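Chemist: File input_34.cif follows (mmCIF, C-alpha atoms and all ligand atoms):
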data_entry
loop_
_atom_site.label_atom_id
_atom_site.label_comp_id
_atom_site.auth_asym_id
_atom_site.auth_seq_id
_atom_site.Cartn_x
_atom_site.Cartn_y
_atom_site.Cartn_z
CA MET U 1306 -128.77 164.61 28.72
CA PHE U 1307 -126.39 164.24 25.76
CA VAL U 1308 -127.86 163.36 22.36
CA TYR U 1309 -125.81 162.83 19.22
CA ALA U 1310 -128.26 163.48 16.39
CA ASP U 1311 -125.88 164.20 13.52
CA ASN U 1312 -125.52 160.74 12.02
CA ALA U 1313 -125.87 162.00 8.46
CA ALA U 1314 -122.65 163.98 8.95
CA THR U 1315 -120.88 160.98 10.38
CA THR U 1316 -121.56 158.04 12.67
CA LYS U 1317 -119.67 156.68 15.63
CA ILE U 1318 -117.65 153.62 14.60
CA SER U 1319 -119.16 150.40 15.93
CA LYS U 1320 -117.23 148.23 18.36
CA ALA U 1321 -117.48 145.35 15.87
CA ALA U 1322 -115.99 147.43 13.04
CA LEU U 1323 -113.20 148.64 15.31
CA ASP U 1324 -112.46 145.06 16.37
CA ALA U 1325 -112.40 143.97 12.74
CA MET U 1326 -109.70 146.57 12.02
CA MET U 1327 -107.26 145.52 14.71
CA PRO U 1328 -105.87 142.35 13.05
CA ALA U 1329 -104.89 144.49 10.04
CA PHE U 1330 -102.59 146.48 12.30
CA GLU U 1331 -101.28 143.61 14.38
CA THR U 1332 -101.29 140.53 12.16
CA TYR U 1333 -102.07 141.38 8.54
CA TYR U 1334 -99.65 144.28 8.37
CA GLY U 1335 -98.05 143.09 5.13
CA ASN U 1336 -98.48 144.89 1.85
CA PRO U 1337 -101.12 143.00 -0.13
CA SER U 1338 -98.91 143.42 -3.22
CA SER U 1339 -95.98 141.61 -1.57
CA LEU U 1340 -95.35 138.03 -2.61
CA HIS U 1341 -94.28 136.75 0.81
CA THR U 1342 -96.59 135.05 3.27
CA THR U 1343 -97.41 138.13 5.37
CA GLY U 1344 -98.27 140.06 2.21
CA GLN U 1345 -100.39 137.27 0.83
CA GLU U 1346 -102.28 136.93 4.10
CA ALA U 1347 -103.12 140.62 3.84
CA ALA U 1348 -104.19 140.07 0.22
CA GLU U 1349 -106.54 137.29 1.35
CA GLN U 1350 -108.13 139.60 3.91
CA LEU U 1351 -108.52 142.26 1.24
CA LEU U 1352 -110.25 139.81 -1.08
CA ALA U 1353 -112.60 138.63 1.67
CA ALA U 1354 -113.57 142.26 2.39
CA ARG U 1355 -114.15 142.89 -1.32
CA GLN U 1356 -116.37 139.81 -1.56
CA SER U 1357 -118.35 140.85 1.48
CA VAL U 1358 -118.94 144.41 0.25
CA ALA U 1359 -119.90 143.04 -3.18
CA GLU U 1360 -122.40 140.55 -1.73
CA ASN U 1361 -124.13 143.25 0.26
CA LEU U 1362 -124.71 145.25 -2.93
CA GLY U 1363 -125.62 142.36 -5.22
CA ALA U 1364 -122.35 142.86 -7.11
CA GLU U 1365 -119.31 140.73 -7.93
CA ALA U 1366 -116.03 141.18 -6.03
CA ARG U 1367 -114.21 142.35 -9.16
CA GLU U 1368 -116.72 145.17 -9.55
CA ILE U 1369 -115.74 146.77 -6.21
CA TYR U 1370 -112.93 149.35 -6.03
CA PHE U 1371 -111.84 150.69 -2.66
CA THR U 1372 -111.40 154.46 -2.40
CA SER U 1373 -110.65 157.06 0.25
CA GLY U 1374 -114.36 157.75 0.72
CA GLY U 1375 -117.56 158.90 -0.90
CA SER U 1376 -116.10 162.05 -2.43
CA GLU U 1377 -113.36 160.20 -4.27
CA ALA U 1378 -115.79 157.55 -5.50
CA ASP U 1379 -118.14 160.26 -6.81
CA ASN U 1380 -115.29 162.06 -8.58
CA GLN U 1381 -114.00 158.86 -10.18
CA ALA U 1382 -117.41 157.66 -11.35
CA ILE U 1383 -118.36 161.00 -12.89
CA ARG U 1384 -114.97 161.50 -14.56
CA THR U 1385 -115.27 157.99 -15.96
CA GLY U 1386 -118.69 158.70 -17.45
CA ALA U 1387 -117.43 161.97 -18.92
CA ILE U 1388 -114.20 160.58 -20.39
CA LEU U 1389 -115.92 157.54 -21.93
CA GLY U 1390 -118.67 159.79 -23.31
CA ALA U 1391 -116.25 162.32 -24.81
CA LYS U 1392 -114.51 159.53 -26.71
CA LYS U 1393 -117.79 158.99 -28.55
CA GLY U 1394 -118.46 162.71 -28.94
CA LYS U 1395 -121.11 162.67 -26.19
CA LYS U 1396 -120.66 165.52 -23.74
CA HIS U 1397 -124.01 165.98 -22.02
CA ILE U 1398 -124.52 164.98 -18.37
CA ILE U 1399 -127.76 164.90 -16.36
CA SER U 1400 -127.91 165.38 -12.61
CA THR U 1401 -129.97 167.25 -10.02
CA ALA U 1402 -129.54 170.60 -8.31
CA PHE U 1403 -129.36 169.06 -4.83
CA GLU U 1404 -126.51 166.59 -5.15
CA HIS U 1405 -123.63 166.53 -2.68
CA HIS U 1406 -120.83 168.96 -3.51
CA ALA U 1407 -118.57 166.04 -4.41
CA VAL U 1408 -120.89 165.62 -7.41
CA LEU U 1409 -121.83 169.25 -8.09
CA HIS U 1410 -118.29 170.60 -7.97
CA THR U 1411 -117.05 167.82 -10.25
CA LEU U 1412 -119.83 168.72 -12.69
CA ASN U 1413 -118.90 172.43 -12.47
CA LYS U 1414 -115.35 171.54 -13.46
CA LEU U 1415 -116.53 169.40 -16.34
CA GLU U 1416 -118.72 172.25 -17.54
CA LYS U 1417 -115.61 174.45 -17.72
CA GLU U 1418 -113.95 171.66 -19.68
CA GLY U 1419 -116.67 171.78 -22.32
CA PHE U 1420 -119.37 169.42 -21.06
CA GLU U 1421 -122.98 170.50 -20.93
CA ILE U 1422 -124.77 169.85 -17.65
CA THR U 1423 -128.53 169.61 -17.12
CA LEU U 1424 -129.59 169.84 -13.48
CA LEU U 1425 -133.11 168.51 -13.03
CA ASP U 1426 -135.56 170.31 -10.77
CA VAL U 1427 -136.15 168.27 -7.61
CA HIS U 1428 -139.52 169.83 -6.72
CA LYS U 1429 -140.73 170.63 -3.24
CA SER U 1430 -140.66 166.97 -2.20
CA GLY U 1431 -137.03 166.54 -3.22
CA ILE U 1432 -138.02 163.67 -5.49
CA ILE U 1433 -137.64 163.49 -9.25
CA THR U 1434 -139.35 161.01 -11.55
CA ALA U 1435 -137.83 158.55 -13.98
CA GLN U 1436 -139.97 160.17 -16.68
CA GLU U 1437 -138.22 163.50 -16.09
CA VAL U 1438 -134.89 161.77 -16.53
CA ALA U 1439 -136.14 160.09 -19.72
CA ASN U 1440 -137.30 163.45 -21.09
CA ALA U 1441 -133.91 165.03 -20.40
CA ILE U 1442 -131.85 162.31 -22.11
CA ARG U 1443 -130.52 163.38 -25.52
CA GLU U 1444 -128.51 161.75 -28.31
CA ASP U 1445 -125.33 163.18 -26.79
CA THR U 1446 -126.04 162.29 -23.14
CA CYS U 1447 -123.19 160.21 -21.73
CA LEU U 1448 -124.04 160.05 -18.02
CA VAL U 1449 -126.87 160.37 -15.55
CA THR U 1450 -125.75 160.90 -11.94
CA ILE U 1451 -128.50 161.10 -9.34
CA MET U 1452 -128.18 160.50 -5.63
CA PHE U 1453 -129.92 157.52 -4.03
CA ALA U 1454 -131.05 159.56 -1.03
CA ASN U 1455 -130.40 163.16 -0.08
CA ASN U 1456 -128.11 163.89 2.84
CA GLU U 1457 -129.98 166.95 4.08
CA ILE U 1458 -133.68 166.28 3.59
CA GLY U 1459 -133.57 162.50 3.36
CA SER U 1460 -135.69 162.14 0.24
CA ILE U 1461 -135.26 158.82 -1.57
CA GLU U 1462 -135.13 158.83 -5.38
CA PRO U 1463 -136.78 156.18 -7.61
CA ILE U 1464 -133.40 154.63 -8.40
CA ALA U 1465 -134.61 151.36 -9.94
CA GLU U 1466 -136.92 153.24 -12.33
CA ILE U 1467 -134.17 155.67 -13.30
CA GLY U 1468 -131.82 152.72 -13.79
CA ALA U 1469 -134.32 151.08 -16.13
CA VAL U 1470 -134.68 154.27 -18.17
CA CYS U 1471 -130.90 154.69 -18.49
CA LYS U 1472 -130.45 151.07 -19.49
CA GLU U 1473 -133.11 151.34 -22.15
CA LYS U 1474 -131.55 154.51 -23.56
CA GLY U 1475 -127.99 153.18 -23.31
CA VAL U 1476 -126.76 155.92 -20.96
CA LEU U 1477 -124.40 155.24 -18.04
CA PHE U 1478 -126.04 155.63 -14.64
CA HIS U 1479 -124.14 156.56 -11.48
CA THR U 1480 -125.72 157.02 -8.07
CA ASP U 1481 -124.19 158.60 -4.97
CA ALA U 1482 -125.51 156.10 -2.44
CA VAL U 1483 -123.48 157.41 0.49
CA GLN U 1484 -126.58 158.08 2.60
CA ALA U 1485 -128.34 154.93 1.44
CA ALA U 1486 -125.74 152.19 1.85
CA GLY U 1487 -126.38 150.21 5.01
CA HIS U 1488 -129.70 152.02 5.52
CA LEU U 1489 -131.76 151.08 2.45
CA LYS U 1490 -131.77 147.87 0.43
CA ILE U 1491 -129.50 148.09 -2.59
CA ASP U 1492 -129.17 145.60 -5.42
CA VAL U 1493 -127.07 147.07 -8.22
CA LYS U 1494 -128.13 144.45 -10.77
CA GLU U 1495 -131.85 144.60 -10.06
CA MET U 1496 -131.72 148.40 -10.00
CA ASN U 1497 -129.63 148.62 -13.20
CA ILE U 1498 -126.99 150.77 -11.53
CA ASP U 1499 -123.74 151.08 -13.50
CA MET U 1500 -121.70 152.88 -10.86
CA LEU U 1501 -122.40 153.47 -7.17
CA SER U 1502 -120.49 155.34 -4.44
CA LEU U 1503 -120.54 154.59 -0.74
CA SER U 1504 -118.63 155.73 2.33
CA ALA U 1505 -117.95 153.70 5.49
CA HIS U 1506 -118.29 156.48 8.06
CA LYS U 1507 -121.98 156.93 7.24
CA PHE U 1508 -122.80 153.42 8.49
CA HIS U 1509 -120.63 153.06 11.62
CA GLY U 1510 -117.44 152.24 9.75
CA PRO U 1511 -114.16 154.18 9.89
CA LYS U 1512 -113.59 157.53 8.18
CA GLY U 1513 -111.48 157.94 5.08
CA VAL U 1514 -112.58 154.80 3.28
CA GLY U 1515 -115.29 154.11 0.74
CA ALA U 1516 -116.04 152.02 -2.29
CA LEU U 1517 -117.00 152.47 -5.88
CA TYR U 1518 -119.02 149.77 -7.57
CA CYS U 1519 -118.36 149.83 -11.30
CA ARG U 1520 -120.21 147.29 -13.44
CA LYS U 1521 -117.90 144.94 -15.32
CA GLY U 1522 -117.50 146.02 -18.91
CA ILE U 1523 -117.25 149.71 -18.02
CA LEU U 1524 -113.69 150.93 -18.41
CA LEU U 1525 -113.19 152.73 -15.09
CA GLN U 1526 -110.79 155.66 -15.45
CA ASN U 1527 -108.23 156.33 -12.73
CA LEU U 1528 -107.83 159.59 -10.86
CA ILE U 1529 -104.63 158.50 -9.14
CA GLU U 1530 -101.70 157.14 -11.12
CA GLY U 1531 -99.14 154.82 -9.61
CA GLY U 1532 -99.01 151.15 -8.73
CA ALA U 1533 -101.36 148.46 -9.98
CA GLN U 1534 -103.56 148.29 -6.87
CA GLU U 1535 -107.32 147.91 -7.40
CA ARG U 1536 -106.63 146.32 -10.78
CA GLY U 1537 -104.77 149.39 -11.94
CA LYS U 1538 -107.71 151.71 -11.32
CA ARG U 1539 -106.73 153.27 -8.00
CA ALA U 1540 -103.05 153.42 -7.15
CA GLY U 1541 -101.71 153.45 -3.59
CA THR U 1542 -101.20 150.77 -0.95
CA GLU U 1543 -104.60 149.65 0.22
CA ASN U 1544 -105.82 150.93 3.59
CA LEU U 1545 -106.48 147.43 4.84
CA PRO U 1546 -107.49 148.32 8.43
CA ALA U 1547 -110.13 150.75 7.18
CA ILE U 1548 -111.29 148.38 4.44
CA LEU U 1549 -111.79 145.55 6.95
CA GLY U 1550 -113.68 147.92 9.26
CA MET U 1551 -115.89 149.06 6.39
CA ALA U 1552 -116.68 145.51 5.25
CA LYS U 1553 -117.70 144.54 8.79
CA ALA U 1554 -119.80 147.68 9.32
CA LEU U 1555 -121.60 147.24 6.00
CA ASP U 1556 -122.28 143.58 6.64
CA ASP U 1557 -123.70 144.34 10.10
CA ALA U 1558 -125.83 147.23 8.80
CA CYS U 1559 -127.20 145.20 5.89
CA GLY U 1560 -127.95 142.27 8.18
CA LYS U 1561 -130.19 144.46 10.36
CA ILE U 1562 -131.52 146.77 7.69
CA ASP U 1563 -135.25 146.11 8.24
CA GLU U 1564 -135.00 145.98 12.01
CA ASN U 1565 -133.00 149.23 12.18
CA ALA U 1566 -135.26 151.02 9.69
CA LYS U 1567 -138.34 150.11 11.69
CA TYR U 1568 -136.87 151.25 15.01
CA VAL U 1569 -135.26 154.44 13.68
CA SER U 1570 -138.16 155.57 11.49
CA ALA U 1571 -140.55 155.28 14.45
CA MET U 1572 -138.33 157.73 16.36
CA ARG U 1573 -138.11 159.97 13.27
CA ASP U 1574 -141.88 160.11 12.95
CA ARG U 1575 -142.33 160.87 16.63
CA LEU U 1576 -139.76 163.66 16.36
CA ILE U 1577 -141.47 165.17 13.32
CA GLU U 1578 -144.84 164.96 15.05
CA GLY U 1579 -143.51 166.62 18.21
CA LEU U 1580 -141.57 169.41 16.52
CA SER U 1581 -144.29 170.20 13.98
CA LYS U 1582 -146.30 171.67 16.85
CA ILE U 1583 -143.92 174.63 16.87
CA PRO U 1584 -145.81 177.50 15.14
CA HIS U 1585 -144.47 178.73 11.81
CA SER U 1586 -142.39 175.63 11.19
CA ILE U 1587 -142.26 173.31 8.19
CA VAL U 1588 -140.94 169.85 7.54
CA ASN U 1589 -138.67 169.72 4.51
CA GLY U 1590 -138.72 166.78 2.13
CA ASP U 1591 -141.12 163.93 1.57
CA THR U 1592 -142.77 162.31 4.57
CA GLU U 1593 -143.01 158.83 3.04
CA LYS U 1594 -140.00 158.37 0.79
CA ARG U 1595 -137.55 159.43 3.43
CA LEU U 1596 -134.40 158.01 5.04
CA PRO U 1597 -135.29 156.30 8.34
CA GLY U 1598 -133.18 158.67 10.45
CA ASN U 1599 -133.75 162.02 8.75
CA VAL U 1600 -135.64 164.96 10.21
CA ASN U 1601 -135.26 168.36 8.53
CA MET U 1602 -137.29 171.39 9.51
CA CYS U 1603 -137.28 175.15 9.18
CA PHE U 1604 -138.40 177.59 11.86
CA GLU U 1605 -139.26 181.06 10.72
CA GLY U 1606 -137.57 184.10 12.23
CA ILE U 1607 -134.42 182.43 13.55
CA GLU U 1608 -130.92 181.57 12.34
CA GLY U 1609 -130.02 177.90 12.04
CA GLU U 1610 -126.54 178.56 13.41
CA SER U 1611 -127.83 180.13 16.63
CA LEU U 1612 -130.26 177.27 17.05
CA LEU U 1613 -127.42 174.78 16.71
CA LEU U 1614 -125.26 176.51 19.27
CA TRP U 1615 -128.07 176.72 21.79
CA LEU U 1616 -129.00 173.10 21.23
CA ASP U 1617 -125.36 172.14 21.68
CA ALA U 1618 -125.35 174.03 24.99
CA ASN U 1619 -128.31 171.85 25.95
CA GLY U 1620 -126.49 168.65 24.99
CA ILE U 1621 -128.10 168.13 21.59
CA GLU U 1622 -125.77 167.83 18.62
CA ALA U 1623 -127.45 168.43 15.27
CA SER U 1624 -126.75 170.25 12.04
CA SER U 1625 -128.06 173.09 9.94
CA GLY U 1626 -127.62 172.55 6.24
CA SER U 1627 -124.80 170.10 5.57
CA ALA U 1628 -121.54 170.02 7.49
CA CYS U 1629 -119.76 171.01 4.30
CA THR U 1630 -121.76 174.23 3.94
CA SER U 1631 -121.86 175.11 7.62
CA GLY U 1632 -119.21 177.74 8.07
CA SER U 1633 -120.37 179.65 5.02
CA LEU U 1634 -123.19 182.14 5.32
CA ASP U 1635 -125.03 180.92 2.24
CA PRO U 1636 -128.13 178.90 2.98
CA SER U 1637 -128.07 175.26 1.99
CA HIS U 1638 -128.20 174.66 -1.78
CA VAL U 1639 -130.48 171.71 -1.07
CA LEU U 1640 -133.11 173.83 0.67
CA LEU U 1641 -132.92 176.43 -2.09
CA ALA U 1642 -133.29 173.63 -4.67
CA ILE U 1643 -136.59 172.53 -3.12
CA GLY U 1644 -137.82 176.09 -3.47
CA LEU U 1645 -137.46 177.54 0.01
CA PRO U 1646 -136.87 181.30 0.13
CA HIS U 1647 -133.48 182.38 1.54
CA GLU U 1648 -134.91 183.71 4.79
CA VAL U 1649 -136.66 180.44 5.55
CA ALA U 1650 -133.74 178.25 4.46
CA HIS U 1651 -131.55 180.09 7.00
CA GLY U 1652 -133.62 178.75 9.89
CA SER U 1653 -133.07 175.07 9.16
CA LEU U 1654 -132.36 172.19 11.49
CA ARG U 1655 -131.35 168.67 10.54
CA LEU U 1656 -131.56 165.96 13.15
CA SER U 1657 -130.27 162.61 11.94
CA LEU U 1658 -130.86 159.56 14.08
CA CYS U 1659 -129.41 156.06 14.13
CA GLU U 1660 -130.21 152.82 15.93
CA GLU U 1661 -128.15 153.93 18.92
CA ASN U 1662 -130.54 156.78 19.68
CA THR U 1663 -133.37 156.10 22.12
CA PRO U 1664 -137.01 157.17 22.45
CA GLU U 1665 -136.00 158.98 25.67
CA GLU U 1666 -133.53 161.08 23.70
CA VAL U 1667 -136.23 161.87 21.18
CA GLU U 1668 -138.53 163.10 23.97
CA TYR U 1669 -135.72 165.28 25.31
CA ILE U 1670 -135.28 166.85 21.85
CA ILE U 1671 -139.04 167.43 21.61
CA GLU U 1672 -138.95 169.21 24.99
CA THR U 1673 -135.85 171.26 24.27
CA VAL U 1674 -136.19 172.53 20.69
CA PRO U 1675 -139.41 174.54 21.26
CA LYS U 1676 -137.84 176.28 24.28
CA VAL U 1677 -134.77 177.26 22.30
CA VAL U 1678 -136.83 178.37 19.28
CA ASP U 1679 -138.98 180.50 21.59
CA TYR U 1680 -135.98 182.06 23.25
CA LEU U 1681 -134.32 182.89 19.91
CA ARG U 1682 -137.53 184.31 18.48
CA ASN U 1683 -137.88 186.58 21.50
CA ILE U 1684 -134.50 188.14 20.84
CA SER U 1685 -134.86 188.19 17.04
CA PRO U 1686 -135.54 191.52 15.28
CA VAL U 1687 -136.93 189.58 12.30
CA TRP U 1688 -139.43 187.80 14.53
CA GLU U 1689 -140.45 191.13 16.07
CA SER U 1690 -141.20 192.53 12.62
CA LEU U 1691 -143.16 189.40 11.77
CA GLU U 1692 -145.17 189.72 14.96
CA LYS U 1693 -145.87 193.41 14.32
CA GLY U 1694 -147.02 192.57 10.83
CA GLU U 1695 -144.30 194.75 9.24
CA ILE U 1696 -143.30 191.72 7.18
CA SER U 1697 -145.51 188.76 6.48
CA HIS U 1698 -145.00 185.15 7.42
CA VAL U 1699 -143.83 182.83 4.69
CA ILE U 1700 -144.56 179.71 6.74
C1 LIG G 1801 -120.93 162.26 3.25
C2 LIG G 1801 -121.36 162.27 1.84
C3 LIG G 1801 -120.43 162.26 0.78
C4 LIG G 1801 -118.95 162.36 1.04
O1 LIG G 1801 -118.41 161.19 1.58
P1 LIG G 1801 -116.97 161.25 2.27
O2 LIG G 1801 -116.65 159.84 2.57
O3 LIG G 1801 -117.11 162.08 3.48
O4 LIG G 1801 -116.04 161.83 1.25
C5 LIG G 1801 -120.89 162.22 -0.50
N1 LIG G 1801 -122.21 162.17 -0.77
C6 LIG G 1801 -123.14 162.18 0.21
C7 LIG G 1801 -124.57 162.10 -0.15
C8 LIG G 1801 -122.75 162.23 1.54
O5 LIG G 1801 -123.67 162.24 2.50
#
Could you write out this file's structure as structure tokens?

Modeler:
Amino acid sequence: MFVYADNAATTKISKAALDAMMPAFETYYGNPSSLHTTGQEAAEQLLAARQSVAENLGAEAREIYFTSGGSEADNQAIRTGAILGAKKGKKHIISTAFEHHAVLHTLNKLEKEGFEITLLDVHKSGIITAQEVANAIREDTCLVTIMFANNEIGSIEPIAEIGAVCKEKGVLFHTDAVQAAGHLKIDVKEMNIDMLSLSAHKFHGPKGVGALYCRKGILLQNLIEGGAQERGKRAGTENLPAILGMAKALDDACGKIDENAKYVSAMRDRLIEGLSKIPHSIVNGDTEKRLPGNVNMCFEGIEGESLLLWLDANGIEASSGSACTSGSLDPSHVLLAIGLPHEVAHGSLRLSLCEENTPEEVEYIIETVPKVVDYLRNISPVWESLEKGEISHVI
């Protein structure tokens, strides 16, 4: 059996999204900035996509800026908050220790440029409270950037409450909603979100395209200089095929959000129940406030990388840590942020499901993972020491 269970890394593009892209290659190939008919037809398509994306977020079309993906949107939002803050002498930014690297590395750079960064503790559950954000806000705080839902452990943050706190204190609020868009209900107005990032390839759209919602009245700063595309805030000829694919994928995902969440979270819960029977294992993250498709566990005494390779050999594609950190030997910063010791964090497995997975696939995973864990433990010197009592179990 073949099971793709790495949907948090990327999803397969849907047939509908792919179909929606084709006219942009074949018919609407004009440059939306051109004044002739072919160009203006492309511009109309672009506007329709902008309206559709906006509607699905509770925003207005003019508040949506198309980008090359989630990373670019995160960079632009955070830079905007920093630049606008610095103009008023405010150079303090609040975030969390388990953000995506697109956020953390941008913050690291800003720190070197003279900003002060407070990273809030995310606790064992991976969930912070709005009160903790309120307590951290100072006179010189210019931006709060906190992810909507975590890409590794799936925990969902109290975004509406944090939005309310930031609004009350007059601090800009950005959220990296790359894992949430198309999976959880989002209303930027109701949730008092000032800026929000999303990426199409996380909800069955094409790769290399995303969007930044920026509330009207906030002077978005551009990262890329050039032509006047995206109202002068993001230069470069628009990637119309990808934008049309993204708009279609988001609209489809939002239209089935409850139905998909119900179906996928039932499989998630079954998977967690089945895999929790493995001795010396733990489930990472919150069990309730969790993305519908996310399962993240650690198994003591084994290496996540070996587990992945053996699962792959058995037809199961998953991830250990995030795709961006795989390839380095450091354990995931997310798992360390929720307080796991290094040796435990090394034995992590993330399975991320979508509505295309089936209960049969879930049963296959439940049969296969314990066998592979057993096999790896039997050849592991660390496990041998644990069994002999030379070192003690942490989980
Ligand atoms: C995937 C991801 C990103 C990066 O998005 P890209 O479109 O791949 O640049 C940012 N944040 C989170 C939470 C993600 O999961």

Chemist: Show which residues sit within 7 Å of region 1485-1490 of chain U, as JSON, numbers by chain. Count all atoms listed in the file, and ignore same-chain residues fewer than 6 positions away.

Modeler: {"U": [1453, 1454, 1503, 1508, 1555, 1558, 1559, 1562]}

Chemist: CA of Lys1414 (chain U) to CA of Gly1394 (chain U): how many Å, to one decimal?

Modeler: 18.1 Å

Chemist: Quote the spacing between CA of Lys1417 (chain U) and CA of Glu1404 (chain U) in Å to one decimal place.

Modeler: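 Between CA of Lys1417 (chain U) and CA of Glu1404 (chain U) the gap is 18.4 Å.
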
Chemist: Counting only C-alpha atoms and all ligand atoms, name the residues that have an atom within 10 Å of an atom of ligand LIG 1801 (chain G); the answer should be given as a ChimeraX atom specification.

Modeler: /U:1312-1315,1372-1380,1403-1408,1452-1457,1459,1480-1485,1502-1507,1511-1516,1627-1629

Chemist: At what distance in Å, to one decimal, does CA of Gly1609 (chain U) lie from CA of Pro1664 (chain U)?

Modeler: 24.2 Å

Chemist: Kindly indicate which residue among U:Leu1477, U:Ile1383, U:Met1551, U:Ile1388 lies nearest to Val1358 (chain U), using all atoms listed in the file for the distances.

Modeler: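 Of U:Leu1477, U:Ile1383, U:Met1551, U:Ile1388, the one nearest Val1358 (chain U), counting all atoms listed in the file, is U:Met1551.
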
Chemist: Using all atoms listed in the file, can you tell me which of U:Lys1320, U:Arg1573, U:Arg1443, U:Lys1472 comes closest to Lys1396 (chain U)?

Modeler: U:Arg1443

Chemist: Skip Thr1542 (chain U) itself and residues of its chain fewer than 3 positions away, then list as a list of chain:residue names all residues within 10 Å of it, counting all atoms listed in the file.

Modeler: U:Asn1336, U:Pro1337, U:Ser1338, U:Gly1531, U:Gly1532, U:Ala1533, U:Gln1534, U:Glu1535, U:Arg1539, U:Leu1545
